[in-house]
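Working notes, beginning with the structure itself.
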Amino acid sequence: MLDLVRFWPLDAMRVINAYVLAHAQQLPDGRLSGLQDAIALIRSYFLGLPSSLEETLQLLNQLDSRSFEHLVDELYRSMRYETRLTPVRKDGGRDIDATREDRGHRTSLRIECKNWSRPVGVEEVRALYGVIEDEKIEKGLIVGTRGFTSRGPTTAAAFAARNSRLELVPGERLVRMLSELFGRGWPSRVDQLIDQSKVRQATH
């Protein structure tokens with residue numbers, strides 16, 4: 001890692017991430033925290049942290065699809081949901097199953113994650129609606145880093161507005177939620193948040 005960090009900081013972070021994932025169950029808490037702090041320092045010092053909403057959205061867009069799903073998973077786990085990621089495949093309109101008990105009421109969500117560089121269209125929103133209808137689920141959420149189509153009657157936003165069991169979470173709102181739950185410095189710890197989800201899901 002030390003050989004990589006100066007000229008290839010992303011590769012250095014991948015080395016640490018791989019080590020953490022391979023040995024997370026055996027590492028003492030202090031060593032695990034130290035490795036996660038090292039990743040945060042590399043990201044802050046060598047890559048820089050976003051200073052605007054647009055730069056934060058660009059940071060999210062740099063994540064691969066599965067890492068983005070793990071970040072969203074960790075977000076909803078922090079909101080006291082029990083979460084499960086679906087296998088990496090065509091999953092029929094959801095990436096995360098989430099449930100929460102509130103005063104005897106069980107809330108069930110199906111969450112689809114779209115870390116795209118363009119707005120999510122109505123086809124994806126309709127697909128998720130089909131899932132929650134078929135499975136009799138309370139609500140479906142789509143998280144779209146770059147928002148949703150919104151001009152005209154046949155757009156993602158228009159379809160969701162007609163169906164109260166659908167909720168659209170654009171990138172701006174996602175960033176706000178991450179800041180509220182993990183603090184404004186969460187971009188420096190994004191790798192740690194993703195790893196926490198990966199380790200937890202691996203032990204399910």
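Order determines the names: the first chain of the structure tokens is A, the second B, and so forth; residues in each chain are numbered 1 upward, and ligands are numbered 1 upward as they are shown.
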
Item to complete: Write down as an NGL selection string the residues belonging to stretch 147-194 of chain A that are assigned alpha helix (DSSP H) by DSSP computed on the backbone.
Response: :A and (156-161 or 171-182 or 190-194)

Fill in: Long-range neighbours of A:Gln192 as a PyMOL selection string, 8 Å cut-off, only C-alpha atoms, 2 positions minimum in chain
chain A and resi 36+39-40+189-190+194-196

Worksheet item: What residues in chain A get the DSSP label strand (DSSP E or B)? Please answer as a ChimeraX atom specification.
Response: /A:82-85,96-102,105-114,120,139-144,148,166-170

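Near stretch 181-186 of chain A, within 9 Å and counting only C-alpha atoms, sit Leu49, Leu75, Ser78, Met79, Arg176, Met177, Leu178, Arg189, Val190 and Leu193 of chain A, not including residues fewer than 3 positions from it in the same chain.
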
Dump as a CSV table (one decimal), in the first residue's frame, selection limited to C-alpha atoms:
chain,number,residue,atom,x,y,z
A,49,LEU,CA,-13.0,15.9,-0.8
A,75,LEU,CA,-27.9,4.4,5.0
A,78,SER,CA,-28.8,3.5,10.1
A,79,MET,CA,-32.5,4.4,9.9
A,176,ARG,CA,-28.7,15.5,2.4
A,177,MET,CA,-29.8,12.2,4.0
A,178,LEU,CA,-26.2,10.9,4.1
A,189,ARG,CA,-15.6,7.8,5.1
A,190,VAL,CA,-17.6,6.6,2.1
A,193,LEU,CA,-19.6,2.9,5.1

Worksheet entry | One-decimal distance in Å that lies between atom CA of A:Glu82 and atom CA of A:Tyr129 |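 The value is 21.3 Å.
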
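Between A:Arg173 and the candidates A:Leu59, A:Val15, A:Leu71, A:Val143, the tightest atom-to-atom separation, counting only C-alpha atoms, involves A:Val143.
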
Worksheet item: Please, what distance in Å, to one decimal, runs between atom CA of A:Thr155 and atom CA of A:Val122?
Response: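 Computing it gives 5.1 Å between the two atoms.
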
Worksheet item: Which value, in Å to one decimal, gives the distance between atom CA of A:Pro153 and atom CA of A:Leu53?
Response: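 Computing it gives 28.5 Å between the two atoms.
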
Would you list the contacts of A:Gly121 as a PDB file with C-alpha atoms, in the first residue's frame, taking every protein, DNA or RNA residue within 10 Å and counting only C-alpha atoms, but skipping same-chain residues closer than 2 positions in sequence?
ATOM      1  CA  ARG A 118     -28.579  10.569 -16.522  1.00  0.00           C
ATOM      2  CA  PRO A 119     -32.090  10.829 -15.044  1.00  0.00           C
ATOM      3  CA  GLU A 123     -39.806   2.447 -17.403  1.00  0.00           C
ATOM      4  CA  GLU A 124     -37.726   1.758 -14.281  1.00  0.00           C
ATOM      5  CA  VAL A 125     -40.342   3.364 -12.029  1.00  0.00           C
ATOM      6  CA  ARG A 126     -43.092   1.259 -13.588  1.00  0.00           C
ATOM      7  CA  GLY A 144     -31.428   8.044  -8.621  1.00  0.00           C
ATOM      8  CA  GLY A 147     -32.674  12.502 -10.583  1.00  0.00           C
ATOM      9  CA  PHE A 148     -35.698  11.486 -12.627  1.00  0.00           C
ATOM     10  CA  THR A 149     -37.367  12.518 -15.866  1.00  0.00           C
ATOM     11  CA  SER A 150     -39.926  15.194 -15.044  1.00  0.00           C
ATOM     12  CA  THR A 154     -45.404  10.149 -19.105  1.00  0.00           C
ATOM     13  CA  THR A 155     -42.287  10.818 -17.031  1.00  0.00           C
ATOM     14  CA  ALA A 156     -40.910   9.099 -13.933  1.00  0.00           C
ATOM     15  CA  ALA A 157     -41.947  12.003 -11.702  1.00  0.00           C
ATOM     16  CA  PHE A 159     -45.956   8.331 -12.689  1.00  0.00           C
TER      17      PHE A 159
END

Discussion item. Residues near A:Lys198, anyone? I mean within 12 Å using only C-alpha atoms, not counting same-chain ones fewer than 6 positions away, as a list of chain:residue names.
Written reply: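 Once the adjacent positions are removed, what remains is A:Asn17, A:Ala18, A:Val20, A:Leu21, A:Ala22, A:Ala24, A:Gln25, A:Arg66, A:Ser67, A:Phe68, A:Glu69, A:His70, A:Leu71, A:Val72, A:Asp73, A:Glu74, A:Thr83, A:Arg84, A:Leu85, A:Asp191, A:Gln192, A:His204.
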